[in-house]
2 protein chains.
Amino acid sequence: MSSKTVLIVDDEPSIREMIAVALEMADYHVLEADNAQSAPRHGAGPQPDLILLDWMMPGTSGIELARRLKREEATAEMPIILLTAKGEEDNKVQGLEAGADDYITKPFSPRELVARLKAVLRRATPPGIEEAVEVEGLKLDPASHRVTSHGSALEIGPTEYRLLQFFMTHQERAYTRSQLLDQVWGGNVYVEERTVDVHIRRLRKSLGETHQHLIQTVRGTGYRFSIRE
Amino acid sequence: MSSKTVLIVDDEPSIREMIAVALEMADYHVLEADNAQSAPRHGAGPQPDLILLDWMMPGTSGIELARRLKREEATAEMPIILLTAKGEEDNKVQGLEAGADDYITKPFSPRELVARLKAVLRRATPPGIEEAVEVEGLKLDPASHRVTSHGSALEIGPTEYRLLQFFMTHQERAYTRSQLLDQVWGGNVYVEERTVDVHIRRLRKSLGETHQHLIQTVRGTGYRFSIRE
DNA sequence: GAAAATATGACAAATACATGACATCGGTGT
DNA sequence: ACACCGATGTCATGTATTTGTCATATTTTC
């Protein structure tokens with residue numbers, strides 16, 4: 001699961017810190033800004049996937065910043081959650097009109113924060129609809145998350161599934177173990193290259209005699225998925 | 001999923017606009033009317049599947065319109081959600097008596113609106129459009145709101161019913177816990193993902209040995225309803 | 001045949017899921 | 001107002017699967 005980046009904009013360092021801790025525990029990457037001025041200055045750095053904005057801040061208020069962000073092309077699509085103190089609830093409509101995607105009233109529990117954040121992100125990132133791939137009666141269907149051989153289901157583990165999916169969408173091409181680790185496991189995990197061999201073996205076993213030949217060893221290099229030879 | 005049409009009746013253009021945007025993002029088709037007079041004028045155009053009605057409007061008030069709609073044959077079956085300002089909560093009973101199906105207090109989040117709208121549509125979709133689904137002797141009939149196994153009724157809770165209904169109308173497809181929460185619980189509730197596991201278990205228990213196998217675990221992903229394997 | 005590379009079987013630790021128990025909440029009847 | 005009830009969400013614990021690594025076999029290359 002790729003961890004998302006959240007930008008917190010709040011003038012109170014203690015609040016920021018509290019939120020940051022909660023989010024980091026939930027495995028989010030956190031950026032902080034203490035006011036509206038410094039907030040949008042992220043041309044170079046990593047772009048956040050979501051912005052947590054305090055309503056009440058000196059200088060440009062949260063709601064103004066929200067409007068500004070929604071107007072700008074680059075940030076218009078970025079989900080915004082507004083934080084407001086209790087009793088300011090009437091601002092809710094105003095805030096949502098300004099383009100905020102959700103609205104949390106202080107005080108809130110870290111749990112609630114994380115839950116709503118997750119929900120907003122979920123909506124903002126619609127899962128891509130992927131097509132099924134089929135080769136010589138071997139079919140991998142992302143929708144049902146299933147692999148079938150001429151209609152009958154195959155027993156296959158999660159990692160082997162991802163491996164096969166990668167291969168079927170990148171046929172006729174040799175990949176080194178290192179490349180496979182990057183593509184299938186994800187770039188920032190450390191595992192032995194030999195581990196790839198083991199999963200290749202498990203994948204071949206799952207595919208059975210019928211389809212084994214599709215997973216080919218490229219000696220001295222790595223592996224390849226190919227219908228030829 | 002066929003997109004539904006929602007008619008918004010409110011005298012405030014800004015409110016209408018806000019709601020319209022929220023609904024369109026949620027993939028609904030939107031019609032607008034600014035008062036009770038123009039509202040019923042839909043003899044020709046597309047019929048809405050649901051009406052969002054502001055309580056307070058000049059001229060004919062929302063509640064009066066609601067009553068009128070409920071009296072008329074053509075619109076009697078149409079679900080109505082009333083929008084009311086905060087503090088008018090006492091009107092709730094009155095509103096529901098007038099035939100409204102739900103009741104939302106301003107201010108509300110788009111998420112909340114969409115969720116309740118979805119809930120109302122789910123529950124109030126005119127009988128006849130929702131067909132019973134049957135799979136291997138397991139039958140779910142929305143009309144009678146009943147689940148039967150080869151004719152004999154099964155004991156099943158509300159949440160499990162909705163879960164099963166979703167699954168039976170979306171077979172052969174893997175869903176993450178997150179997606180199930182969105183689809184079955186509604187986007188505006190914040191519950192633990194693990195909670196899905198518990199309801200899956202309850203559903204399986206209700207289904208009994210005979211049909212348990214239909215609810216399949218997809219390791220590392222979520223769950224799936226499938227007649228195969 | 002020796003060296004290098006890959007295949008394979010076995011394991012222990014890490015993960016993910018299943019299950020039972022429990023607290024809470026809204027609704028009902030007393 | 002009160003106790004009761006079913007429905008729900010959460011947690012702690014039990015169980016099963018998955019995963020990365022090794023040690024050891026087997027194959028390929030020269």
# chains A, B, ... in the order shown; residues from 1 in each chain; ligands from 1

call {"tool": "closest_atom_pairs", "arguments": {"of": "chain C", "to": "chain B", "cutoff": "9 Å", "atoms": "only C-alpha atoms (C1' of nucleotides)", "output": "tab-separated table"}}
result
residue	atom	partner	partner_atom	distance
C:DA16	C1'	B:Gly220	CA	7.0
C:DC17	C1'	B:Asp197	CA	7.9
C:DA18	C1'	B:Arg201	CA	7.6
C:DT19	C1'	B:Arg201	CA	8.3

call {"tool": "write_last_selection", "arguments": {"atoms": "all heavy atoms", "output": "PDB file, in the first residue's frame"}}
result
ATOM      1  P    DA C  16      -0.877  -7.989   6.297  1.00  0.00           P
ATOM      2  OP1  DA C  16      -0.825  -7.264   5.012  1.00  0.00           O
ATOM      3  OP2  DA C  16      -1.054  -7.261   7.572  1.00  0.00           O
ATOM      4  O5'  DA C  16      -2.016  -9.094   6.209  1.00  0.00           O
ATOM      5  C5'  DA C  16      -1.877 -10.157   5.273  1.00  0.00           C
ATOM      6  C4'  DA C  16      -3.063 -11.078   5.420  1.00  0.00           C
ATOM      7  O4'  DA C  16      -2.878 -11.908   6.589  1.00  0.00           O
ATOM      8  C3'  DA C  16      -4.381 -10.332   5.628  1.00  0.00           C
ATOM      9  O3'  DA C  16      -5.359 -10.946   4.808  1.00  0.00           O
ATOM     10  C2'  DA C  16      -4.668 -10.504   7.123  1.00  0.00           C
ATOM     11  C1'  DA C  16      -4.017 -11.844   7.411  1.00  0.00           C
ATOM     12  N9   DA C  16      -3.558 -12.027   8.787  1.00  0.00           N
ATOM     13  C8   DA C  16      -2.868 -11.142   9.564  1.00  0.00           C
ATOM     14  N7   DA C  16      -2.584 -11.593  10.770  1.00  0.00           N
ATOM     15  C5   DA C  16      -3.132 -12.874  10.774  1.00  0.00           C
ATOM     16  C6   DA C  16      -3.165 -13.872  11.751  1.00  0.00           C
ATOM     17  N6   DA C  16      -2.622 -13.749  12.971  1.00  0.00           N
ATOM     18  N1   DA C  16      -3.787 -15.023  11.445  1.00  0.00           N
ATOM     19  C2   DA C  16      -4.332 -15.151  10.224  1.00  0.00           C
ATOM     20  N3   DA C  16      -4.354 -14.285   9.217  1.00  0.00           N
ATOM     21  C4   DA C  16      -3.727 -13.156   9.562  1.00  0.00           C
ATOM     22  P    DC C  17      -6.800 -10.386   4.779  1.00  0.00           P
ATOM     23  OP1  DC C  17      -7.224 -10.456   3.377  1.00  0.00           O
ATOM     24  OP2  DC C  17      -6.876  -9.124   5.523  1.00  0.00           O
ATOM     25  O5'  DC C  17      -7.615 -11.490   5.577  1.00  0.00           O
ATOM     26  C5'  DC C  17      -7.524 -12.843   5.131  1.00  0.00           C
ATOM     27  C4'  DC C  17      -8.107 -13.775   6.160  1.00  0.00           C
ATOM     28  O4'  DC C  17      -7.347 -13.679   7.383  1.00  0.00           O
ATOM     29  C3'  DC C  17      -9.555 -13.482   6.529  1.00  0.00           C
ATOM     30  O3'  DC C  17     -10.288 -14.681   6.379  1.00  0.00           O
ATOM     31  C2'  DC C  17      -9.488 -13.016   7.981  1.00  0.00           C
ATOM     32  C1'  DC C  17      -8.252 -13.746   8.465  1.00  0.00           C
ATOM     33  N1   DC C  17      -7.575 -13.144   9.630  1.00  0.00           N
ATOM     34  C2   DC C  17      -7.399 -13.934  10.770  1.00  0.00           C
ATOM     35  O2   DC C  17      -7.810 -15.098  10.775  1.00  0.00           O
ATOM     36  N3   DC C  17      -6.773 -13.396  11.845  1.00  0.00           N
ATOM     37  C4   DC C  17      -6.337 -12.147  11.800  1.00  0.00           C
ATOM     38  N4   DC C  17      -5.724 -11.664  12.882  1.00  0.00           N
ATOM     39  C5   DC C  17      -6.506 -11.319  10.646  1.00  0.00           C
ATOM     40  C6   DC C  17      -7.127 -11.862   9.580  1.00  0.00           C
ATOM     41  P    DA C  18     -11.822 -14.744   6.745  1.00  0.00           P
ATOM     42  OP1  DA C  18     -12.436 -15.696   5.811  1.00  0.00           O
ATOM     43  OP2  DA C  18     -12.352 -13.374   6.880  1.00  0.00           O
ATOM     44  O5'  DA C  18     -11.779 -15.430   8.179  1.00  0.00           O
ATOM     45  C5'  DA C  18     -11.163 -16.700   8.308  1.00  0.00           C
ATOM     46  C4'  DA C  18     -11.564 -17.358   9.616  1.00  0.00           C
ATOM     47  O4'  DA C  18     -10.882 -16.702  10.705  1.00  0.00           O
ATOM     48  C3'  DA C  18     -13.059 -17.299   9.949  1.00  0.00           C
ATOM     49  O3'  DA C  18     -13.415 -18.549  10.522  1.00  0.00           O
ATOM     50  C2'  DA C  18     -13.163 -16.132  10.934  1.00  0.00           C
ATOM     51  C1'  DA C  18     -11.797 -16.156  11.624  1.00  0.00           C
ATOM     52  N9   DA C  18     -11.236 -14.851  11.992  1.00  0.00           N
ATOM     53  C8   DA C  18     -11.149 -13.736  11.217  1.00  0.00           C
ATOM     54  N7   DA C  18     -10.541 -12.718  11.803  1.00  0.00           N
ATOM     55  C5   DA C  18     -10.208 -13.215  13.057  1.00  0.00           C
ATOM     56  C6   DA C  18      -9.542 -12.641  14.157  1.00  0.00           C
ATOM     57  N6   DA C  18      -9.065 -11.381  14.162  1.00  0.00           N
ATOM     58  N1   DA C  18      -9.379 -13.395  15.254  1.00  0.00           N
ATOM     59  C2   DA C  18      -9.833 -14.654  15.232  1.00  0.00           C
ATOM     60  N3   DA C  18     -10.475 -15.318  14.262  1.00  0.00           N
ATOM     61  C4   DA C  18     -10.623 -14.526  13.191  1.00  0.00           C
ATOM     62  P    DT C  19     -14.911 -18.800  10.975  1.00  0.00           P
ATOM     63  OP1  DT C  19     -15.115 -20.252  10.890  1.00  0.00           O
ATOM     64  OP2  DT C  19     -15.790 -17.855  10.271  1.00  0.00           O
ATOM     65  O5'  DT C  19     -14.882 -18.411  12.515  1.00  0.00           O
ATOM     66  C5'  DT C  19     -13.832 -18.919  13.338  1.00  0.00           C
ATOM     67  C4'  DT C  19     -13.959 -18.386  14.738  1.00  0.00           C
ATOM     68  O4'  DT C  19     -13.331 -17.091  14.831  1.00  0.00           O
ATOM     69  C3'  DT C  19     -15.399 -18.194  15.230  1.00  0.00           C
ATOM     70  O3'  DT C  19     -15.543 -18.959  16.395  1.00  0.00           O
ATOM     71  C2'  DT C  19     -15.523 -16.694  15.514  1.00  0.00           C
ATOM     72  C1'  DT C  19     -14.065 -16.316  15.757  1.00  0.00           C
ATOM     73  N1   DT C  19     -13.703 -14.913  15.489  1.00  0.00           N
ATOM     74  C2   DT C  19     -12.923 -14.251  16.415  1.00  0.00           C
ATOM     75  O2   DT C  19     -12.526 -14.774  17.444  1.00  0.00           O
ATOM     76  N3   DT C  19     -12.611 -12.959  16.086  1.00  0.00           N
ATOM     77  C4   DT C  19     -13.001 -12.264  14.963  1.00  0.00           C
ATOM     78  O4   DT C  19     -12.656 -11.115  14.789  1.00  0.00           O
ATOM     79  C5   DT C  19     -13.821 -13.005  14.034  1.00  0.00           C
ATOM     80  C7   DT C  19     -14.306 -12.363  12.783  1.00  0.00           C
ATOM     81  C6   DT C  19     -14.125 -14.280  14.339  1.00  0.00           C
TER      82       DT C  19
END

call {"tool": "interface_residues", "arguments": {"of": "chain A", "to": "chain B", "cutoff": "6 Å", "atoms": "only C-alpha atoms", "output": "PyMOL selection string"}}
result
chain A and resi 93+115+143-145

call {"tool": "closest_atom_pairs", "arguments": {"of": "chain D", "to": "chain B", "cutoff": "9 Å", "atoms": "only C-alpha atoms (C1' of nucleotides)", "output": "CSV"}}
result
residue,atom,partner,partner_atom,distance
D:DA7,C1',B:Gly157,CA,7.4
D:DT8,C1',B:Thr159,CA,8.8
D:DG9,C1',B:Thr195,CA,6.5
D:DT10,C1',B:Thr195,CA,7.5
D:DT17,C1',B:Arg219,CA,8.6

call {"tool": "write_last_selection", "arguments": {"atoms": "N, CA and C atoms (P, O5', C5', C4', C3', O3' and C1' of nucleotides)", "output": "compact mmCIF listing (two decimals), in the first residue's frame"}}
result
# COMPACT_ATOMS: atom_id res chain seq x y z
P DA D 7 -31.70 -8.54 14.88
O5' DA D 7 -30.73 -7.29 14.82
C5' DA D 7 -31.30 -5.99 14.72
C4' DA D 7 -30.18 -4.97 14.67
C3' DA D 7 -29.02 -5.35 13.75
O3' DA D 7 -28.64 -4.20 13.04
C1' DA D 7 -28.21 -4.94 15.92
P DT D 8 -27.63 -4.28 11.82
O5' DT D 8 -26.38 -3.46 12.35
C5' DT D 8 -26.31 -3.20 13.71
C4' DT D 8 -25.14 -2.30 14.05
C3' DT D 8 -23.86 -2.56 13.28
O3' DT D 8 -23.19 -1.32 13.10
C1' DT D 8 -23.56 -3.13 15.57
P DG D 9 -22.00 -1.24 12.03
O5' DG D 9 -20.75 -1.01 12.98
C5' DG D 9 -20.77 0.07 13.89
C4' DG D 9 -19.71 -0.11 14.95
C3' DG D 9 -18.31 -0.41 14.41
O3' DG D 9 -17.40 0.47 15.05
C1' DG D 9 -18.93 -2.05 16.00
P DT D 10 -15.85 0.47 14.63
O5' DT D 10 -15.15 -0.32 15.84
C5' DT D 10 -15.48 0.05 17.17
C4' DT D 10 -14.78 -0.86 18.16
C3' DT D 10 -13.34 -1.26 17.78
O3' DT D 10 -12.49 -0.92 18.86
C1' DT D 10 -14.62 -3.17 18.37
P DT D 17 -5.03 -22.80 5.33
O5' DT D 17 -4.20 -21.54 4.80
C5' DT D 17 -4.87 -20.29 4.69
C4' DT D 17 -3.90 -19.20 4.31
C3' DT D 17 -2.98 -19.52 3.14
O3' DT D 17 -3.07 -18.41 2.29
C1' DT D 17 -1.71 -18.74 5.00

call {"tool": "residues_around", "arguments": {"residues": "C:DG20", "least_positions_apart": "3", "cutoff": "10 Å", "atoms": "only C-alpha atoms (C1' of nucleotides)", "output": "tab-separated table (two decimals) with N, CA, C and O atoms (P, O5', C5', C4', C3', O3' and C1' of nucleotides), in the first residue's frame"}}
result
chain	number	residue	atom	x	y	z
D	12	DA	P	-7.66	-5.14	22.68
D	12	DA	O5'	-7.78	-6.70	22.99
D	12	DA	C5'	-8.75	-7.14	23.93
D	12	DA	C4'	-8.71	-8.66	24.00
D	12	DA	C3'	-7.30	-9.25	23.94
D	12	DA	O3'	-7.26	-10.40	24.80
D	12	DA	C1'	-8.52	-9.97	22.04
D	13	DT	P	-5.89	-11.30	24.87
D	13	DT	O5'	-6.27	-12.55	23.98
D	13	DT	C5'	-7.55	-13.16	24.16
D	13	DT	C4'	-7.75	-14.25	23.13
D	13	DT	C3'	-6.50	-15.12	22.88
D	13	DT	O3'	-6.91	-16.47	22.95
D	13	DT	C1'	-7.35	-14.32	20.84
D	14	DG	P	-5.83	-17.65	22.72
D	14	DG	O5'	-6.38	-18.28	21.37
D	14	DG	C5'	-7.76	-18.63	21.26
D	14	DG	C4'	-8.04	-19.17	19.87
D	14	DG	C3'	-7.05	-20.24	19.40
D	14	DG	O3'	-7.79	-21.22	18.67
D	14	DG	C1'	-7.01	-18.41	17.90

call {"tool": "closest_atom_pairs", "arguments": {"of": "chain D", "to": "stretch 1-11 of chain C", "cutoff": "12 Å", "atoms": "only C-alpha atoms (C1' of nucleotides)", "output": "tab-separated table"}}
result
residue	atom	partner	partner_atom	distance
D:DT19	C1'	C:DC11	C1'	11.1
D:DG20	C1'	C:DC11	C1'	10.5
D:DT21	C1'	C:DC11	C1'	9.0
D:DC22	C1'	C:DC11	C1'	8.9
D:DA23	C1'	C:DA10	C1'	9.2
D:DT24	C1'	C:DT8	C1'	8.6
D:DA25	C1'	C:DT8	C1'	7.3
D:DT26	C1'	C:DA7	C1'	6.8
D:DT27	C1'	C:DT6	C1'	7.4
D:DT28	C1'	C:DA5	C1'	7.6
D:DT29	C1'	C:DA4	C1'	8.1
D:DC30	C1'	C:DA3	C1'	9.1

call {"tool": "atom_distance", "arguments": {"atom1": "atom CA of B:Phe167", "atom2": "atom CA of B:Thr5"}}
result
24.1 Å

call {"tool": "atom_distance", "arguments": {"atom1": "atom CA of A:Leu53", "atom2": "atom CA of A:Arg71"}}
result
16.0 Å

call {"tool": "residues_around", "arguments": {"residues": "C:DT28", "least_positions_apart": "2", "cutoff": "10 Å", "atoms": "only C-alpha atoms (C1' of nucleotides)", "output": "list in words"}}
result
DG26 and DT30 of chain C; DC4 and DC5 of chain D

call {"tool": "write_last_selection", "arguments": {"atoms": "all heavy atoms", "output": "JSON list (two decimals), in the first residue's frame"}}
result
[["chain", "number", "residue", "atom", "x", "y", "z"],
["C", 26, "DG", "P", -28.17, 6.33, 20.13],
["C", 26, "DG", "OP1", -27.66, 7.42, 19.29],
["C", 26, "DG", "OP2", -28.41, 6.54, 21.57],
["C", 26, "DG", "O5'", -29.50, 5.77, 19.48],
["C", 26, "DG", "C5'", -29.45, 5.10, 18.22],
["C", 26, "DG", "C4'", -30.66, 4.22, 18.07],
["C", 26, "DG", "O4'", -30.55, 3.09, 18.97],
["C", 26, "DG", "C3'", -31.97, 4.92, 18.44],
["C", 26, "DG", "O3'", -32.94, 4.61, 17.45],
["C", 26, "DG", "C2'", -32.32, 4.38, 19.81],
["C", 26, "DG", "C1'", -31.71, 2.98, 19.76],
["C", 26, "DG", "N9", -31.30, 2.45, 21.06],
["C", 26, "DG", "C8", -30.66, 3.12, 22.07],
["C", 26, "DG", "N7", -30.42, 2.36, 23.11],
["C", 26, "DG", "C5", -30.94, 1.12, 22.76],
["C", 26, "DG", "C6", -30.96, -0.10, 23.47],
["C", 26, "DG", "O6", -30.52, -0.34, 24.60],
["C", 26, "DG", "N1", -31.57, -1.12, 22.74],
["C", 26, "DG", "C2", -32.08, -0.97, 21.48],
["C", 26, "DG", "N2", -32.63, -2.05, 20.93],
["C", 26, "DG", "N3", -32.06, 0.16, 20.79],
["C", 26, "DG", "C4", -31.48, 1.16, 21.49],
["C", 30, "DT", "P", -45.80, -5.46, 27.15],
["C", 30, "DT", "OP1", -46.07, -6.90, 27.28],
["C", 30, "DT", "OP2", -46.83, -4.53, 26.65],
["C", 30, "DT", "O5'", -45.27, -4.92, 28.55],
["C", 30, "DT", "C5'", -44.06, -5.46, 29.09],
["C", 30, "DT", "C4'", -43.78, -4.85, 30.45],
["C", 30, "DT", "O4'", -43.19, -3.54, 30.29],
["C", 30, "DT", "C3'", -45.02, -4.66, 31.32],
["C", 30, "DT", "O3'", -44.77, -5.16, 32.62],
["C", 30, "DT", "C2'", -45.25, -3.16, 31.34],
["C", 30, "DT", "C1'", -43.84, -2.62, 31.15],
["C", 30, "DT", "N1", -43.76, -1.31, 30.48],
["C", 30, "DT", "C2", -42.94, -0.34, 31.03],
["C", 30, "DT", "O2", -42.31, -0.52, 32.05],
["C", 30, "DT", "N3", -42.90, 0.83, 30.32],
["C", 30, "DT", "C4", -43.59, 1.15, 29.15],
["C", 30, "DT", "O4", -43.47, 2.24, 28.62],
["C", 30, "DT", "C5", -44.41, 0.10, 28.64],
["C", 30, "DT", "C7", -45.20, 0.30, 27.38],
["C", 30, "DT", "C6", -44.46, -1.09, 29.31],
["D", 4, "DC", "P", -34.07, -7.03, 32.83],
["D", 4, "DC", "OP1", -34.55, -8.32, 33.35],
["D", 4, "DC", "OP2", -32.64, -6.64, 32.93],
["D", 4, "DC", "O5'", -34.51, -6.92, 31.30],
["D", 4, "DC", "C5'", -35.89, -7.01, 30.97],
["D", 4, "DC", "C4'", -36.04, -7.09, 29.46],
["D", 4, "DC", "O4'", -35.84, -5.78, 28.88],
["D", 4, "DC", "C3'", -35.03, -8.02, 28.77],
["D", 4, "DC", "O3'", -35.73, -8.78, 27.81],
["D", 4, "DC", "C2'", -34.02, -7.07, 28.15],
["D", 4, "DC", "C1'", -34.90, -5.87, 27.83],
["D", 4, "DC", "N1", -34.21, -4.56, 27.77],
["D", 4, "DC", "C2", -34.52, -3.68, 26.73],
["D", 4, "DC", "O2", -35.35, -4.02, 25.88],
["D", 4, "DC", "N3", -33.89, -2.47, 26.66],
["D", 4, "DC", "C4", -33.01, -2.13, 27.59],
["D", 4, "DC", "N4", -32.44, -0.94, 27.49],
["D", 4, "DC", "C5", -32.68, -3.01, 28.67],
["D", 4, "DC", "C6", -33.30, -4.19, 28.71],
["D", 5, "DC", "P", -35.08, -10.05, 27.15],
["D", 5, "DC", "OP1", -36.10, -11.13, 27.15],
["D", 5, "DC", "OP2", -33.75, -10.26, 27.78],
["D", 5, "DC", "O5'", -34.87, -9.57, 25.66],
["D", 5, "DC", "C5'", -35.95, -8.94, 24.95],
["D", 5, "DC", "C4'", -35.40, -8.37, 23.65],
["D", 5, "DC", "O4'", -34.89, -7.04, 23.91],
["D", 5, "DC", "C3'", -34.23, -9.18, 23.10],
["D", 5, "DC", "O3'", -34.63, -9.77, 21.86],
["D", 5, "DC", "C2'", -33.10, -8.18, 22.91],
["D", 5, "DC", "C1'", -33.75, -6.83, 23.11],
["D", 5, "DC", "N1", -32.91, -5.85, 23.83],
["D", 5, "DC", "C2", -32.73, -4.57, 23.28],
["D", 5, "DC", "O2", -33.29, -4.29, 22.22],
["D", 5, "DC", "N3", -31.94, -3.68, 23.95],
["D", 5, "DC", "C4", -31.36, -4.02, 25.09],
["D", 5, "DC", "N4", -30.61, -3.12, 25.70],
["D", 5, "DC", "C5", -31.53, -5.33, 25.65],
["D", 5, "DC", "C6", -32.31, -6.20, 25.00]]

call {"tool": "residues_around", "arguments": {"residues": "B:Leu83", "least_positions_apart": "6", "cutoff": "6 Å", "atoms": "only C-alpha atoms (C1' of nucleotides)", "output": "mmCIF file with N, CA, C and O atoms, in the first residue's frame"}}
result
data_model
loop_
_atom_site.group_PDB
_atom_site.id
_atom_site.type_symbol
_atom_site.label_atom_id
_atom_site.label_comp_id
_atom_site.auth_asym_id
_atom_site.auth_seq_id
_atom_site.Cartn_x
_atom_site.Cartn_y
_atom_site.Cartn_z
ATOM 1 N N LEU B 53 -36.148 18.321 -1.114
ATOM 2 C CA LEU B 53 -37.068 19.414 -0.944
ATOM 3 C C LEU B 53 -36.683 20.305 0.224
ATOM 4 O O LEU B 53 -36.516 19.840 1.343
ATOM 5 N N ASP B 54 -36.558 21.593 -0.057
ATOM 6 C CA ASP B 54 -36.273 22.513 1.028
ATOM 7 C C ASP B 54 -37.551 22.760 1.814
ATOM 8 O O ASP B 54 -38.627 22.911 1.249
ATOM 9 N N TRP B 55 -37.413 22.800 3.087
ATOM 10 C CA TRP B 55 -38.555 22.988 3.963
ATOM 11 C C TRP B 55 -39.145 24.394 3.810
ATOM 12 O O TRP B 55 -40.330 24.583 3.602
ATOM 13 N N ILE B 104 -32.870 15.805 6.412
ATOM 14 C CA ILE B 104 -31.491 16.218 6.642
ATOM 15 C C ILE B 104 -31.450 17.647 7.157
ATOM 16 O O ILE B 104 -32.119 18.527 6.633
ATOM 17 N N THR B 105 -30.663 17.836 8.191
ATOM 18 C CA THR B 105 -30.556 19.153 8.788
ATOM 19 C C THR B 105 -29.353 19.897 8.218
ATOM 20 O O THR B 105 -28.261 19.362 8.166
#

call {"tool": "closest_residue", "arguments": {"among": "B:Val120, B:Trp185, B:Leu140, B:His150", "to": "B:Thr169", "atoms": "only C-alpha atoms"}}
result
B:Leu140

call {"tool": "closest_residue", "arguments": {"among": "A:Ile63, A:His213, A:Ala100, A:Ser3", "to": "A:Leu23", "atoms": "only C-alpha atoms"}}
result
A:Ser3

call {"tool": "atom_distance", "arguments": {"atom1": "atom CA of B:Met78", "atom2": "atom CA of B:Val6"}}
result
10.5 Å

call {"tool": "decode", "arguments": {"residues": "stretch 17-28 of chain D", "atoms": "N, CA, C and O atoms (P, O5', C5', C4', C3', O3' and C1' of nucleotides)", "output": "compact mmCIF listing (two decimals), in the first residue's frame"}}
result
# COMPACT_ATOMS: atom_id res chain seq x y z
P DT D 17 -5.03 -22.80 5.33
O5' DT D 17 -4.20 -21.54 4.80
C5' DT D 17 -4.87 -20.29 4.69
C4' DT D 17 -3.90 -19.20 4.31
C3' DT D 17 -2.98 -19.52 3.14
O3' DT D 17 -3.07 -18.41 2.29
C1' DT D 17 -1.71 -18.74 5.00
P DT D 18 -2.34 -18.35 0.89
O5' DT D 18 -1.11 -17.41 1.23
C5' DT D 18 -1.34 -16.27 2.02
C4' DT D 18 -0.04 -15.55 2.28
C3' DT D 18 0.98 -15.58 1.14
O3' DT D 18 1.44 -14.26 0.97
C1' DT D 18 1.99 -16.32 3.14
P DT D 19 2.40 -13.85 -0.22
O5' DT D 19 3.79 -13.72 0.52
C5' DT D 19 3.83 -13.12 1.80
C4' DT D 19 5.25 -13.13 2.32
C3' DT D 19 6.32 -13.19 1.24
O3' DT D 19 7.34 -12.28 1.55
C1' DT D 19 6.63 -14.97 2.75
P DG D 20 8.28 -11.71 0.42
O5' DG D 20 9.73 -11.92 1.06
C5' DG D 20 9.94 -11.41 2.36
C4' DG D 20 11.05 -12.21 3.03
C3' DG D 20 12.32 -12.35 2.18
O3' DG D 20 13.43 -12.01 2.99
C1' DG D 20 11.55 -14.49 2.85
P DT D 21 14.91 -11.89 2.37
O5' DT D 21 15.67 -13.18 2.94
C5' DT D 21 15.07 -13.85 3.99
C4' DT D 21 15.89 -15.06 4.46
C3' DT D 21 17.17 -15.38 3.70
O3' DT D 21 18.19 -15.68 4.64
C1' DT D 21 15.68 -17.24 3.62
P DC D 22 19.76 -15.79 4.19
O5' DC D 22 20.08 -17.32 4.58
C5' DC D 22 19.02 -18.14 4.69
C4' DC D 22 19.34 -19.51 5.19
C3' DC D 22 20.59 -20.19 4.63
O3' DC D 22 21.16 -21.06 5.59
C1' DC D 22 18.61 -21.21 3.73
P DA D 23 22.61 -21.72 5.30
O5' DA D 23 22.22 -23.19 4.84
C5' DA D 23 21.33 -23.97 5.63
C4' DA D 23 20.99 -25.25 4.88
C3' DA D 23 22.21 -25.94 4.26
O3' DA D 23 22.08 -27.35 4.43
C1' DA D 23 20.66 -25.38 2.57
P DT D 24 23.24 -28.34 3.82
O5' DT D 24 22.55 -28.84 2.47
C5' DT D 24 21.19 -29.28 2.53
C4' DT D 24 20.73 -29.65 1.13
C3' DT D 24 21.75 -30.37 0.28
O3' DT D 24 21.11 -31.48 -0.34
C1' DT D 24 20.91 -28.55 -0.91
P DA D 25 21.95 -32.51 -1.26
O5' DA D 25 21.26 -32.22 -2.66
C5' DA D 25 20.05 -32.92 -2.93
C4' DA D 25 19.37 -32.32 -4.13
C3' DA D 25 19.87 -32.87 -5.46
O3' DA D 25 18.76 -33.27 -6.22
C1' DA D 25 19.95 -30.51 -5.49
P DT D 26 19.06 -34.25 -7.44
O5' DT D 26 18.99 -33.26 -8.67
C5' DT D 26 17.93 -32.31 -8.74
C4' DT D 26 18.25 -31.31 -9.82
C3' DT D 26 18.88 -31.92 -11.08
O3' DT D 26 18.00 -31.63 -12.15
C1' DT D 26 20.01 -29.94 -10.41
P DT D 27 18.28 -32.22 -13.60
O5' DT D 27 18.76 -30.89 -14.35
C5' DT D 27 17.96 -29.71 -14.26
C4' DT D 27 18.76 -28.55 -14.78
C3' DT D 27 19.36 -28.77 -16.18
O3' DT D 27 18.91 -27.71 -17.00
C1' DT D 27 20.99 -27.89 -14.68
P DT D 28 19.20 -27.76 -18.57
O5' DT D 28 20.40 -26.73 -18.68
C5' DT D 28 20.19 -25.40 -18.22
C4' DT D 28 21.51 -24.65 -18.29
C3' DT D 28 22.21 -24.73 -19.65
O3' DT D 28 22.51 -23.40 -20.05
C1' DT D 28 23.72 -25.25 -17.89
